[in-house]
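Reproduced below: coords-v8.txt, with compact mmCIF, C-alpha atoms and all ligand atoms.
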```
# COMPACT_ATOMS: atom_id res chain seq x y z
CA MET A 1 12.30 -14.08 15.71
CA THR A 2 13.18 -10.83 14.03
CA ILE A 3 11.05 -10.08 10.99
CA ARG A 4 13.23 -9.94 7.89
CA TYR A 5 12.75 -9.56 4.14
CA ASP A 6 15.83 -11.38 2.80
CA ASN A 7 15.34 -12.39 -0.85
CA ARG A 8 12.18 -10.29 -1.02
CA VAL A 9 11.83 -7.59 -3.66
CA ALA A 10 9.86 -4.54 -2.63
CA VAL A 11 8.54 -1.54 -4.53
CA VAL A 12 7.78 1.57 -2.50
CA THR A 13 6.10 4.34 -4.45
CA GLY A 14 6.69 7.94 -3.48
CA ALA A 15 9.73 6.82 -1.50
CA GLY A 16 11.88 9.86 -2.23
CA ALA A 17 10.67 11.61 0.90
CA GLY A 18 8.49 11.39 4.00
CA LEU A 19 6.81 8.12 4.88
CA GLY A 20 7.79 6.24 1.74
CA ARG A 21 11.47 7.03 2.27
CA ASN A 22 11.23 5.67 5.77
CA HIS A 23 9.43 2.49 4.66
CA ALA A 24 12.10 1.92 2.00
CA LEU A 25 15.02 2.48 4.38
CA PHE A 26 13.50 0.12 6.93
CA LEU A 27 12.71 -2.74 4.54
CA ALA A 28 16.20 -2.46 3.05
CA SER A 29 17.75 -2.49 6.54
CA ARG A 30 15.98 -5.83 7.11
CA GLY A 31 17.27 -7.42 3.90
CA ALA A 32 14.74 -6.43 1.20
CA LYS A 33 15.85 -5.37 -2.25
CA VAL A 34 13.99 -2.13 -2.83
CA VAL A 35 12.80 -0.18 -5.85
CA VAL A 36 12.69 3.40 -4.61
CA ASN A 37 10.14 5.13 -6.81
CA ASP A 38 9.53 8.86 -6.75
CA LEU A 39 8.43 11.34 -9.36
CA GLY A 40 10.30 14.00 -7.42
CA GLY A 41 7.80 16.82 -7.89
CA ALA A 42 6.17 19.35 -5.57
CA VAL A 43 3.42 18.55 -3.04
CA ASP A 44 0.75 19.47 -5.61
CA GLY A 45 2.28 16.95 -8.01
CA SER A 46 3.81 19.50 -10.38
CA GLY A 47 7.34 19.04 -11.71
CA SER A 48 9.62 16.03 -11.56
CA SER A 49 13.18 15.11 -10.71
CA ALA A 50 15.05 11.82 -10.51
CA THR A 51 17.20 13.00 -7.64
CA ALA A 52 14.60 12.38 -4.90
CA ALA A 53 14.61 8.64 -5.53
CA GLU A 54 18.34 8.53 -6.21
CA ARG A 55 19.17 10.18 -2.89
CA VAL A 56 17.26 7.50 -0.97
CA VAL A 57 18.94 4.76 -3.00
CA ASP A 58 22.29 6.30 -2.04
CA GLU A 59 21.25 6.25 1.63
CA ILE A 60 20.24 2.60 1.42
CA LYS A 61 23.46 1.61 -0.32
CA ALA A 62 25.56 3.59 2.15
CA ALA A 63 23.96 1.53 4.92
CA GLY A 64 24.86 -1.69 3.10
CA GLY A 65 21.46 -2.35 1.53
CA GLU A 66 20.32 -3.01 -2.03
CA ALA A 67 18.14 -0.55 -3.91
CA VAL A 68 17.45 0.86 -7.33
CA ALA A 69 15.82 4.17 -8.25
CA ASN A 70 12.83 4.74 -10.48
CA ALA A 71 11.35 8.16 -11.33
CA ASP A 72 8.20 7.14 -13.21
CA SER A 73 4.81 8.49 -12.24
CA VAL A 74 2.34 6.08 -10.65
CA ALA A 75 -0.46 8.09 -12.25
CA THR A 76 -0.28 6.53 -15.71
CA PRO A 77 -0.53 2.85 -16.66
CA ASP A 78 2.81 3.10 -18.49
CA GLY A 79 4.52 4.77 -15.56
CA ALA A 80 3.20 2.17 -13.12
CA ALA A 81 4.24 -0.66 -15.45
CA GLY A 82 7.71 0.90 -15.63
CA ILE A 83 7.99 0.95 -11.84
CA ILE A 84 7.14 -2.74 -11.50
CA GLN A 85 9.29 -3.58 -14.53
CA THR A 86 12.28 -2.02 -12.73
CA ALA A 87 11.86 -4.65 -10.00
CA LEU A 88 11.50 -7.44 -12.57
CA ASP A 89 14.46 -6.27 -14.66
CA THR A 90 16.71 -5.82 -11.64
CA TRP A 91 15.80 -8.79 -9.46
CA GLY A 92 13.36 -10.90 -11.50
CA LYS A 93 10.32 -10.63 -9.22
CA ILE A 94 8.06 -8.47 -7.10
CA ASP A 95 7.01 -9.63 -3.61
CA ILE A 96 6.01 -6.45 -1.82
CA LEU A 97 4.26 -3.33 -3.09
CA ILE A 98 3.70 -0.30 -0.91
CA ASN A 99 1.36 2.15 -2.64
CA ASN A 100 2.41 5.31 -0.85
CA ALA A 101 2.90 8.05 -3.48
CA GLY A 102 0.70 11.04 -2.94
CA ASN A 103 0.02 14.65 -3.80
CA LEU A 104 -2.32 17.29 -2.39
CA ARG A 105 -4.50 19.99 -3.88
CA ASP A 106 -6.63 21.07 -0.92
CA LYS A 107 -9.43 23.46 -1.80
CA SER A 108 -12.96 23.97 -0.56
CA PHE A 109 -15.33 22.31 -3.03
CA SER A 110 -16.66 25.61 -4.37
CA LYS A 111 -13.15 26.46 -5.58
CA LEU A 112 -12.14 23.00 -6.78
CA GLU A 113 -11.47 22.69 -10.51
CA PRO A 114 -12.03 19.34 -12.23
CA ALA A 115 -8.28 19.30 -12.90
CA ASP A 116 -7.59 19.46 -9.14
CA PHE A 117 -9.90 16.50 -8.63
CA ASP A 118 -8.31 14.47 -11.41
CA ALA A 119 -4.73 15.27 -10.37
CA VAL A 120 -5.30 13.89 -6.88
CA VAL A 121 -7.48 10.90 -7.83
CA ASN A 122 -5.02 9.97 -10.57
CA VAL A 123 -2.11 9.68 -8.15
CA HIS A 124 -3.73 8.19 -5.05
CA LEU A 125 -6.47 5.98 -6.48
CA SER A 126 -5.58 5.28 -10.10
CA GLY A 127 -1.86 5.20 -9.21
CA SER A 128 -2.45 2.56 -6.53
CA ALA A 129 -4.62 0.57 -8.93
CA TYR A 130 -2.15 0.83 -11.84
CA CYS A 131 0.84 -0.26 -9.74
CA THR A 132 -1.14 -3.08 -8.17
CA LEU A 133 -2.36 -4.18 -11.61
CA ALA A 134 1.19 -4.23 -12.97
CA ALA A 135 2.35 -6.36 -10.02
CA TRP A 136 -0.74 -8.55 -9.57
CA ASN A 137 -0.22 -11.36 -12.07
CA HIS A 138 3.46 -11.69 -11.15
CA MET A 139 2.42 -12.12 -7.53
CA LYS A 140 -0.34 -14.51 -8.52
CA ASP A 141 2.08 -16.64 -10.55
CA ALA A 142 4.50 -16.68 -7.62
CA ASN A 143 1.70 -17.44 -5.14
CA TYR A 144 3.04 -14.63 -2.96
CA GLY A 145 2.35 -10.97 -2.47
CA ARG A 146 2.18 -8.35 0.25
CA ILE A 147 0.45 -5.13 -0.83
CA VAL A 148 -0.09 -2.04 1.30
CA MET A 149 -2.45 0.80 0.39
CA THR A 150 -2.15 4.21 2.02
CA THR A 151 -5.39 5.87 3.04
CA SER A 152 -6.05 8.83 5.31
CA ALA A 153 -8.33 9.83 8.17
CA ALA A 154 -9.57 12.47 5.72
CA GLY A 155 -10.97 9.72 3.51
CA LEU A 156 -12.12 7.44 6.31
CA PHE A 157 -13.87 10.15 8.30
CA GLY A 158 -13.92 13.32 6.16
CA ASN A 159 -12.19 16.67 6.27
CA PHE A 160 -13.02 20.18 5.11
CA GLY A 161 -11.31 21.22 1.89
CA GLN A 162 -10.25 17.72 0.87
CA GLY A 163 -13.05 16.46 -1.37
CA ASN A 164 -10.62 15.25 -4.03
CA TYR A 165 -8.21 13.71 -1.54
CA ALA A 166 -10.91 12.11 0.64
CA ALA A 167 -12.61 10.53 -2.37
CA ALA A 168 -9.32 9.12 -3.61
CA LYS A 169 -8.26 7.89 -0.19
CA LEU A 170 -11.48 6.04 0.52
CA GLY A 171 -11.22 4.64 -3.00
CA VAL A 172 -8.07 2.75 -2.11
CA VAL A 173 -9.93 1.12 0.79
CA GLY A 174 -12.57 -0.06 -1.70
CA LEU A 175 -9.80 -1.41 -3.90
CA MET A 176 -8.38 -3.32 -0.93
CA ASN A 177 -11.82 -4.66 -0.03
CA ALA A 178 -12.16 -6.24 -3.47
CA LEU A 179 -8.57 -7.44 -3.78
CA LYS A 180 -8.52 -9.13 -0.37
CA HIS A 181 -10.98 -11.60 -1.90
CA GLU A 182 -9.16 -11.98 -5.21
CA GLY A 183 -5.75 -12.37 -3.60
CA ALA A 184 -6.71 -14.80 -0.82
CA LYS A 185 -6.26 -17.92 -2.95
CA TYR A 186 -2.81 -16.80 -4.06
CA ASN A 187 -1.28 -15.76 -0.73
CA ILE A 188 -1.55 -12.11 -1.75
CA ASN A 189 -2.44 -10.02 1.29
CA VAL A 190 -3.72 -6.49 0.85
CA ASN A 191 -3.88 -4.15 3.83
CA THR A 192 -4.12 -0.41 4.34
CA VAL A 193 -2.37 2.08 6.57
CA ALA A 194 -3.89 5.40 7.59
CA PRO A 195 -0.80 7.31 8.67
CA MET A 196 -0.30 10.42 10.73
CA ALA A 197 3.21 11.84 10.44
CA LEU A 198 5.18 15.01 10.05
CA THR A 199 6.22 15.26 6.41
CA ARG A 200 6.28 18.08 3.88
CA MET A 201 2.63 17.23 3.22
CA THR A 202 1.56 17.98 6.79
CA ALA A 203 4.22 20.48 7.90
CA ASP A 204 1.88 23.46 7.38
CA ILE A 205 -1.14 22.00 9.17
CA MET A 206 0.47 20.53 12.28
CA SER A 207 1.09 22.59 15.40
CA ASP A 208 4.62 22.91 16.78
CA LYS A 209 3.44 20.96 19.83
CA ILE A 210 2.41 17.95 17.76
CA LYS A 211 5.31 17.96 15.29
CA PRO A 212 7.96 16.30 17.50
CA LEU A 213 5.51 13.50 18.38
CA VAL A 214 4.61 12.33 14.89
CA LYS A 215 7.80 11.02 13.39
CA PRO A 216 7.27 8.93 10.20
CA GLU A 217 9.26 6.21 11.99
CA PHE A 218 6.17 5.42 14.09
CA VAL A 219 4.15 4.48 10.98
CA THR A 220 6.70 2.18 9.36
CA PRO A 221 6.53 -0.74 11.85
CA LEU A 222 2.87 -1.32 11.00
CA VAL A 223 3.59 -1.20 7.27
CA ALA A 224 6.56 -3.51 7.81
CA TRP A 225 4.32 -5.98 9.66
CA PHE A 226 1.81 -5.91 6.78
CA CYS A 227 4.75 -6.81 4.49
CA ALA A 228 6.00 -9.69 6.62
CA GLU A 229 5.86 -13.22 5.22
CA GLU A 230 4.38 -14.58 8.45
CA ASN A 231 1.55 -12.06 8.43
CA THR A 232 -1.65 -13.66 7.18
CA THR A 233 -3.83 -10.60 7.78
CA THR A 234 -5.64 -9.30 4.74
CA GLY A 235 -8.23 -6.56 4.36
CA ASP A 236 -7.33 -4.58 7.47
CA ALA A 237 -7.14 -0.79 7.61
CA VAL A 238 -5.15 0.53 10.54
CA GLU A 239 -4.48 4.07 11.75
CA ALA A 240 -0.86 4.61 12.75
CA GLY A 241 0.88 7.64 14.16
CA ALA A 242 2.88 8.81 17.17
CA GLY A 243 2.80 5.31 18.69
CA TYR A 244 -1.00 4.95 18.33
CA TYR A 245 -2.29 2.01 16.28
CA ALA A 246 -5.97 1.21 15.78
CA LYS A 247 -8.03 -0.77 13.30
CA VAL A 248 -10.66 1.16 11.37
CA GLN A 249 -13.66 -0.72 10.02
CA ILE A 250 -16.84 -0.07 8.09
CA VAL A 251 -19.82 -1.39 10.04
CA GLU A 252 -23.51 -1.66 9.27
CA GLY A 253 -26.35 -1.33 11.77
CA ALA A 254 -28.69 -4.26 12.40
CA GLY A 255 -31.27 -2.45 10.26
CA THR A 256 -35.03 -2.69 10.22
CA VAL A 257 -37.55 -4.03 7.72
CA LEU A 258 -40.35 -1.69 6.61
CA GLY A 259 -43.45 -2.16 4.50
CA GLY A 260 -44.03 -5.88 5.06
CA GLY A 261 -43.38 -6.60 1.37
CA GLU A 262 -45.09 -3.40 0.20
CA ILE A 263 -43.08 -0.34 -0.88
CA PRO A 264 -42.73 1.97 2.14
CA SER A 265 -43.43 5.68 1.79
CA PRO A 266 -40.95 8.48 2.60
CA GLU A 267 -43.16 9.09 5.64
CA ASP A 268 -42.46 5.51 6.76
CA ILE A 269 -38.75 6.26 6.38
CA ARG A 270 -39.19 9.44 8.46
CA ALA A 271 -41.09 7.60 11.16
CA ASN A 272 -38.47 4.84 11.36
CA TYR A 273 -35.31 6.80 10.75
CA ASP A 274 -34.06 6.25 14.31
CA ALA A 275 -34.33 2.48 13.86
CA ILE A 276 -32.70 2.66 10.40
CA THR A 277 -29.73 4.58 11.81
CA ASP A 278 -29.46 2.73 15.13
CA MET A 279 -25.84 1.58 15.39
CA SER A 280 -26.13 -0.15 18.75
CA GLN A 281 -25.83 -3.58 17.11
CA ALA A 282 -23.61 -2.54 14.21
CA GLN A 283 -21.24 -5.12 12.81
CA PRO A 284 -18.64 -5.43 10.06
CA TYR A 285 -19.10 -7.72 7.07
CA ALA A 286 -16.37 -9.56 5.23
CA SER A 287 -18.04 -9.19 1.84
CA ALA A 288 -21.02 -7.80 -0.08
CA ASN A 289 -22.46 -11.34 -0.13
CA ASP A 290 -22.41 -11.44 3.66
CA VAL A 291 -24.42 -8.21 3.75
CA MET A 292 -26.93 -9.71 1.29
CA ARG A 293 -27.29 -12.76 3.51
CA HIS A 294 -27.93 -10.53 6.52
CA ILE A 295 -30.58 -8.57 4.58
CA PHE A 296 -32.42 -11.69 3.47
CA ARG A 297 -32.27 -13.16 6.97
CA SER A 298 -33.86 -9.91 8.22
CA LEU A 299 -36.62 -10.21 5.61
CA ASN A 300 -37.32 -13.83 6.46
CA PRO A 301 -36.52 -14.36 10.12
CA ARG A 302 -36.95 -17.96 11.18
P1 LIG B 1 5.39 13.37 0.96
O1 LIG B 1 4.96 14.50 0.10
O2 LIG B 1 6.60 13.55 1.80
O3 LIG B 1 5.60 12.04 0.13
C1 LIG B 1 4.84 11.71 -1.01
C2 LIG B 1 5.80 11.36 -2.11
O4 LIG B 1 5.07 10.90 -3.23
C3 LIG B 1 6.64 12.55 -2.56
O5 LIG B 1 8.02 12.27 -2.44
C4 LIG B 1 6.21 12.76 -4.01
O6 LIG B 1 7.25 13.22 -4.86
C5 LIG B 1 5.73 11.39 -4.40
N1 LIG B 1 4.80 11.43 -5.53
C6 LIG B 1 3.80 12.31 -5.75
N2 LIG B 1 3.19 12.06 -6.90
C7 LIG B 1 3.81 10.98 -7.45
C8 LIG B 1 3.62 10.23 -8.62
N3 LIG B 1 2.68 10.56 -9.51
N4 LIG B 1 4.43 9.17 -8.85
C9 LIG B 1 5.41 8.83 -7.98
N5 LIG B 1 5.64 9.53 -6.85
C10 LIG B 1 4.85 10.58 -6.57
O7 LIG B 1 4.13 13.04 1.90
P2 LIG B 1 3.89 11.85 2.95
O8 LIG B 1 3.20 12.45 4.08
O9 LIG B 1 5.09 11.05 3.17
O10 LIG B 1 2.79 10.99 2.17
C11 LIG B 1 2.91 9.60 1.92
C12 LIG B 1 1.52 9.01 1.81
O11 LIG B 1 0.86 9.06 3.07
C13 LIG B 1 0.59 9.75 0.84
O12 LIG B 1 -0.20 8.82 0.14
C14 LIG B 1 -0.27 10.58 1.76
O13 LIG B 1 -1.50 10.94 1.17
C15 LIG B 1 -0.42 9.64 2.92
N6 LIG B 1 -0.82 10.27 4.17
C16 LIG B 1 0.06 11.00 4.89
C17 LIG B 1 -0.34 11.56 6.09
C18 LIG B 1 0.60 12.28 6.97
O14 LIG B 1 0.22 12.58 8.11
N7 LIG B 1 1.82 12.58 6.52
C19 LIG B 1 -1.73 11.45 6.56
C20 LIG B 1 -2.56 10.60 5.75
C21 LIG B 1 -2.11 10.05 4.60
```
Would you mind giving the structure from this file in structure tokens?
Ligand code: NAI
Amino acid sequence: MTIRYDNRVAVVTGAGAGLGRNHALFLASRGAKVVVNDLGGAVDGSGSSATAAERVVDEIKAAGGEAVANADSVATPDGAAGIIQTALDTWGKIDILINNAGNLRDKSFSKLEPADFDAVVNVHLSGSAYCTLAAWNHMKDANYGRIVMTTSAAGLFGNFGQGNYAAAKLGVVGLMNALKHEGAKYNINVNTVAPMALTRMTADIMSDKIKPLVKPEFVTPLVAWFCAEENTTTGDAVEAGAGYYAKVQIVEGAGTVLGGGEIPSPEDIRANYDAITDMSQAQPYASANDVMRHIFRSLNPR
């Protein structure tokens, strides 16, 4: 059966261009009513214009879909509330939220100003949290929600010159990790995409050889699956780009117990550092409580 979103109301943030535009066009083509949000500024987040969102709404309508534009910023609680309110005012509910809006202020850490840190964290991390907060209780009341966070390989694995961006992008994974627990009872699934695509954000850093391979269209099917009613997955982070899709997971080594109940010395840590960092039996954990259980089982093996 074809996956469709008829009678579903979706908000896509940062949907005036790039990946968000593509997500919005796709969901609308499969029956969703879409709030196309975009501040309409430059890559660094400066400036604003309503036309970015309006253009995508025009595209959706021209193709026979339903959409409404919103030009609020995700980076303030009021802006985020306004974005979700647009869905509520127009169609009376919010079923799907794709936290996609993003800016960039790449600088090596020695040159990074606090304002560059805040500007990026405010959009990616706080913006995702504010929009999710504004939508959360409506989804909870409806016993239905599909939320997608957008992370980055830079946050998952690190990248030179992206301290602000990497911190923010791993932050949204932490947000997902908590919300997957809080949403489970209410049929609210929260998943994360780590995209790789040619957009204005990456146009300067991708080689001409790679550019034709990384169309945003390759990322959208994964996001669309996360938004599907039949999808019961929650708490997954998946890389997607150029036809490659792979789950990314935080794992913890089996660990070792030192000191036999006494406080170990730094020399004990030095002597056992290979065992501490041995990842040969690493495994993921579904929650902090599961990690605690593993630790106490290690302390008191039967
Ligand atoms: P893009 O620059 O084309 O799209 C981002 C959109 O977000 C822009 O249209 C921008 O106006 C909007 N935006 C920025 N600040 C906003 C705010 N405060 N409120 C509302 N809208 C705002 O870039 P792209 O590549 O489509 O990025 C989409 C998401 O994917 C971002 O979160 C980005 O960090 C992430 N990403 C993209 C990768 C890629 O390879 N293109 C790689 C990893 C992550």
Residues within 8 Å of ligand LIG 1 (chain B), counting all atoms listed in the file: report them as a CSV table (one decimal) with C-alpha atoms, keeping the file's coordinate frame.
```
chain,number,residue,atom,x,y,z
A,13,THR,CA,6.1,4.3,-4.4
A,14,GLY,CA,6.7,7.9,-3.5
A,15,ALA,CA,9.7,6.8,-1.5
A,16,GLY,CA,11.9,9.9,-2.2
A,17,ALA,CA,10.7,11.6,0.9
A,18,GLY,CA,8.5,11.4,4.0
A,19,LEU,CA,6.8,8.1,4.9
A,20,GLY,CA,7.8,6.2,1.7
A,21,ARG,CA,11.5,7.0,2.3
A,37,ASN,CA,10.1,5.1,-6.8
A,38,ASP,CA,9.5,8.9,-6.8
A,39,LEU,CA,8.4,11.3,-9.4
A,40,GLY,CA,10.3,14.0,-7.4
A,41,GLY,CA,7.8,16.8,-7.9
A,42,ALA,CA,6.2,19.4,-5.6
A,43,VAL,CA,3.4,18.6,-3.0
A,44,ASP,CA,0.8,19.5,-5.6
A,45,GLY,CA,2.3,17.0,-8.0
A,48,SER,CA,9.6,16.0,-11.6
A,52,ALA,CA,14.6,12.4,-4.9
A,71,ALA,CA,11.4,8.2,-11.3
A,72,ASP,CA,8.2,7.1,-13.2
A,73,SER,CA,4.8,8.5,-12.2
A,74,VAL,CA,2.3,6.1,-10.6
A,75,ALA,CA,-0.5,8.1,-12.2
A,76,THR,CA,-0.3,6.5,-15.7
A,99,ASN,CA,1.4,2.2,-2.6
A,100,ASN,CA,2.4,5.3,-0.8
A,101,ALA,CA,2.9,8.0,-3.5
A,102,GLY,CA,0.7,11.0,-2.9
A,103,ASN,CA,0.0,14.6,-3.8
A,104,LEU,CA,-2.3,17.3,-2.4
A,122,ASN,CA,-5.0,10.0,-10.6
A,123,VAL,CA,-2.1,9.7,-8.2
A,124,HIS,CA,-3.7,8.2,-5.0
A,127,GLY,CA,-1.9,5.2,-9.2
A,150,THR,CA,-2.2,4.2,2.0
A,151,THR,CA,-5.4,5.9,3.0
A,152,SER,CA,-6.0,8.8,5.3
A,153,ALA,CA,-8.3,9.8,8.2
A,154,ALA,CA,-9.6,12.5,5.7
A,165,TYR,CA,-8.2,13.7,-1.5
A,169,LYS,CA,-8.3,7.9,-0.2
A,194,ALA,CA,-3.9,5.4,7.6
A,195,PRO,CA,-0.8,7.3,8.7
A,196,MET,CA,-0.3,10.4,10.7
A,197,ALA,CA,3.2,11.8,10.4
A,198,LEU,CA,5.2,15.0,10.0
A,199,THR,CA,6.2,15.3,6.4
A,200,ARG,CA,6.3,18.1,3.9
A,201,MET,CA,2.6,17.2,3.2
A,202,THR,CA,1.6,18.0,6.8
A,216,PRO,CA,7.3,8.9,10.2
A,241,GLY,CA,0.9,7.6,14.2
```
Could you please determine the separation between atom CA of Gly31 of chain A and atom CA of Arg4 of chain A in Å, to one decimal place?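 So the answer is 6.2 Å.
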Under the rule that only C-alpha atoms are counted, which of A:Trp136, A:Leu156, A:Val223, A:Ser29 is the nearest residue to Gly183 of chain A?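 Closest residue, counting only C-alpha atoms: A:Trp136.
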Considering all atoms listed in the file, return as a ChimeraX atom specification whatever protein or nucleic-acid residues lie within 7 Å of Phe117 of chain A, sequence-local ones (same chain, fewer than 4 positions apart) excluded. /A:113,121,164
Within 12 Å of Thr90 of chain A, counting all atoms listed in the file, which residues show up once you throw out same-chain ones fewer than 2 positions away? Write them as a list in words, please.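 That gives Val9, Ala10, Val11, Lys33, Val34, Val35, Glu66, Ala67, Val68, Ala69, Asn70, Gly82, Ile83, Ile84, Gln85, Thr86, Ala87, Leu88, Gly92, Lys93 and Ile94 of chain A.
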C-alpha atoms of the current selection, written as a PDB file, in the coordinates of the input:
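Below is the file again.pdb, written as the result:
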```pdb
ATOM      1  CA  VAL A   9      11.830  -7.590  -3.660  1.00  0.00           C
ATOM      2  CA  ALA A  10       9.860  -4.540  -2.630  1.00  0.00           C
ATOM      3  CA  VAL A  11       8.540  -1.540  -4.530  1.00  0.00           C
ATOM      4  CA  LYS A  33      15.850  -5.370  -2.250  1.00  0.00           C
ATOM      5  CA  VAL A  34      13.990  -2.130  -2.830  1.00  0.00           C
ATOM      6  CA  VAL A  35      12.800  -0.180  -5.850  1.00  0.00           C
ATOM      7  CA  GLU A  66      20.320  -3.010  -2.030  1.00  0.00           C
ATOM      8  CA  ALA A  67      18.140  -0.550  -3.910  1.00  0.00           C
ATOM      9  CA  VAL A  68      17.450   0.860  -7.330  1.00  0.00           C
ATOM     10  CA  ALA A  69      15.820   4.170  -8.250  1.00  0.00           C
ATOM     11  CA  ASN A  70      12.830   4.740 -10.480  1.00  0.00           C
ATOM     12  CA  GLY A  82       7.710   0.900 -15.630  1.00  0.00           C
ATOM     13  CA  ILE A  83       7.990   0.950 -11.840  1.00  0.00           C
ATOM     14  CA  ILE A  84       7.140  -2.740 -11.500  1.00  0.00           C
ATOM     15  CA  GLN A  85       9.290  -3.580 -14.530  1.00  0.00           C
ATOM     16  CA  THR A  86      12.280  -2.020 -12.730  1.00  0.00           C
ATOM     17  CA  ALA A  87      11.860  -4.650 -10.000  1.00  0.00           C
ATOM     18  CA  LEU A  88      11.500  -7.440 -12.570  1.00  0.00           C
ATOM     19  CA  GLY A  92      13.360 -10.900 -11.500  1.00  0.00           C
ATOM     20  CA  LYS A  93      10.320 -10.630  -9.220  1.00  0.00           C
ATOM     21  CA  ILE A  94       8.060  -8.470  -7.100  1.00  0.00           C
TER      22      ILE A  94
END
```
Excluding Tyr244 of chain A and residues on its chain fewer than 2 positions from it, collect all residues at most 10 Å away from it, counting only C-alpha atoms, and give them as a list of chain:residue names.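 In the requested form, the answer reads A:Pro195, A:Met196, A:Val214, A:Phe218, A:Val219, A:Val238, A:Glu239, A:Ala240, A:Gly241, A:Ala242, A:Ala246.
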Point out the residue among A:Ala63, A:Arg302, A:Cys227, A:Phe109 with the least atom-to-atom distance to Ala166 of chain A, counting all atoms listed in the file. A:Phe109
For Tyr5 of chain A, the closest of A:Leu213, A:Ala224, A:Ala167, A:Met176 counting all atoms listed in the file is A:Ala224
Pull the neighbourhood of (-1.9, -15.2, -1.5) for me: all residues within 8 Å in file coordinates, counting all atoms listed in the file, as a JSON list (two decimals) with C-alpha atoms, in the coordinates of the input.
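Final output, selection.json:
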```
[["chain", "number", "residue", "atom", "x", "y", "z"],
["A", 140, "LYS", "CA", -0.34, -14.51, -8.52],
["A", 143, "ASN", "CA", 1.70, -17.44, -5.14],
["A", 144, "TYR", "CA", 3.04, -14.63, -2.96],
["A", 145, "GLY", "CA", 2.35, -10.97, -2.47],
["A", 183, "GLY", "CA", -5.75, -12.37, -3.60],
["A", 184, "ALA", "CA", -6.71, -14.80, -0.82],
["A", 185, "LYS", "CA", -6.26, -17.92, -2.95],
["A", 186, "TYR", "CA", -2.81, -16.80, -4.06],
["A", 187, "ASN", "CA", -1.28, -15.76, -0.73],
["A", 188, "ILE", "CA", -1.55, -12.11, -1.75],
["A", 189, "ASN", "CA", -2.44, -10.02, 1.29]]
```
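Computed from the coordinates, the atom CA of Ile96 of chain A to atom CA of Tyr285 of chain A distance equals 26.7 Å.
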Could you please determine the separation between atom CA of Leu170 of chain A and atom CA of Asp95 of chain A in Å, to one decimal place? 24.6 Å
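Take the candidates A:Ser287, A:Asn272, A:Ser128, A:Thr256 and check each one against Glu182 of chain A using all atoms listed in the file; the shortest distance goes to A:Ser287.
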Proximity to Gly161 of chain A - best of A:Leu222, A:Met1, A:Val257, A:Leu112, all atoms listed in the file: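 Smallest distance to Gly161 of chain A is found for A:Leu112.
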Between A:Ala271, A:Met206, A:Ile147, A:Ala254, single out the one closest to Gly235 of chain A, counting all atoms listed in the file. A:Ile147
Given the block above, output segment 171-182 of chain A with N, CA and C atoms as an mmCIF file, in the first residue's frame.
```cif
data_model
loop_
_atom_site.group_PDB
_atom_site.id
_atom_site.type_symbol
_atom_site.label_atom_id
_atom_site.label_comp_id
_atom_site.auth_asym_id
_atom_site.auth_seq_id
_atom_site.Cartn_x
_atom_site.Cartn_y
_atom_site.Cartn_z
ATOM 1 N N GLY A 171 22.705 17.837 20.327
ATOM 2 C CA GLY A 171 21.657 18.192 21.294
ATOM 3 C C GLY A 171 20.286 17.695 20.867
ATOM 4 N N VAL A 172 19.995 17.780 19.576
ATOM 5 C CA VAL A 172 18.658 17.326 19.152
ATOM 6 C C VAL A 172 18.520 15.810 19.281
ATOM 7 N N VAL A 173 19.646 15.095 19.215
ATOM 8 C CA VAL A 173 19.597 13.644 19.429
ATOM 9 C C VAL A 173 19.274 13.362 20.901
ATOM 10 N N GLY A 174 19.865 14.152 21.796
ATOM 11 C CA GLY A 174 19.548 14.020 23.219
ATOM 12 C C GLY A 174 18.087 14.315 23.486
ATOM 13 N N LEU A 175 17.572 15.327 22.799
ATOM 14 C CA LEU A 175 16.149 15.672 22.951
ATOM 15 C C LEU A 175 15.281 14.488 22.507
ATOM 16 N N MET A 176 15.632 13.911 21.362
ATOM 17 C CA MET A 176 14.891 12.730 20.885
ATOM 18 C C MET A 176 14.967 11.602 21.903
ATOM 19 N N ASN A 177 16.163 11.371 22.446
ATOM 20 C CA ASN A 177 16.344 10.243 23.368
ATOM 21 C C ASN A 177 15.438 10.347 24.587
ATOM 22 N N ALA A 178 15.207 11.581 25.042
ATOM 23 C CA ALA A 178 14.279 11.765 26.173
ATOM 24 C C ALA A 178 12.834 11.645 25.706
ATOM 25 N N LEU A 179 12.525 12.288 24.586
ATOM 26 C CA LEU A 179 11.120 12.341 24.153
ATOM 27 C C LEU A 179 10.595 11.004 23.649
ATOM 28 N N LYS A 180 11.496 10.131 23.189
ATOM 29 C CA LYS A 180 11.006 8.801 22.755
ATOM 30 C C LYS A 180 10.355 8.095 23.944
ATOM 31 N N HIS A 181 10.853 8.354 25.148
ATOM 32 C CA HIS A 181 10.239 7.747 26.336
ATOM 33 C C HIS A 181 8.926 8.441 26.678
ATOM 34 N N GLU A 182 8.950 9.782 26.623
ATOM 35 C CA GLU A 182 7.757 10.521 27.049
ATOM 36 C C GLU A 182 6.606 10.391 26.053
#
```
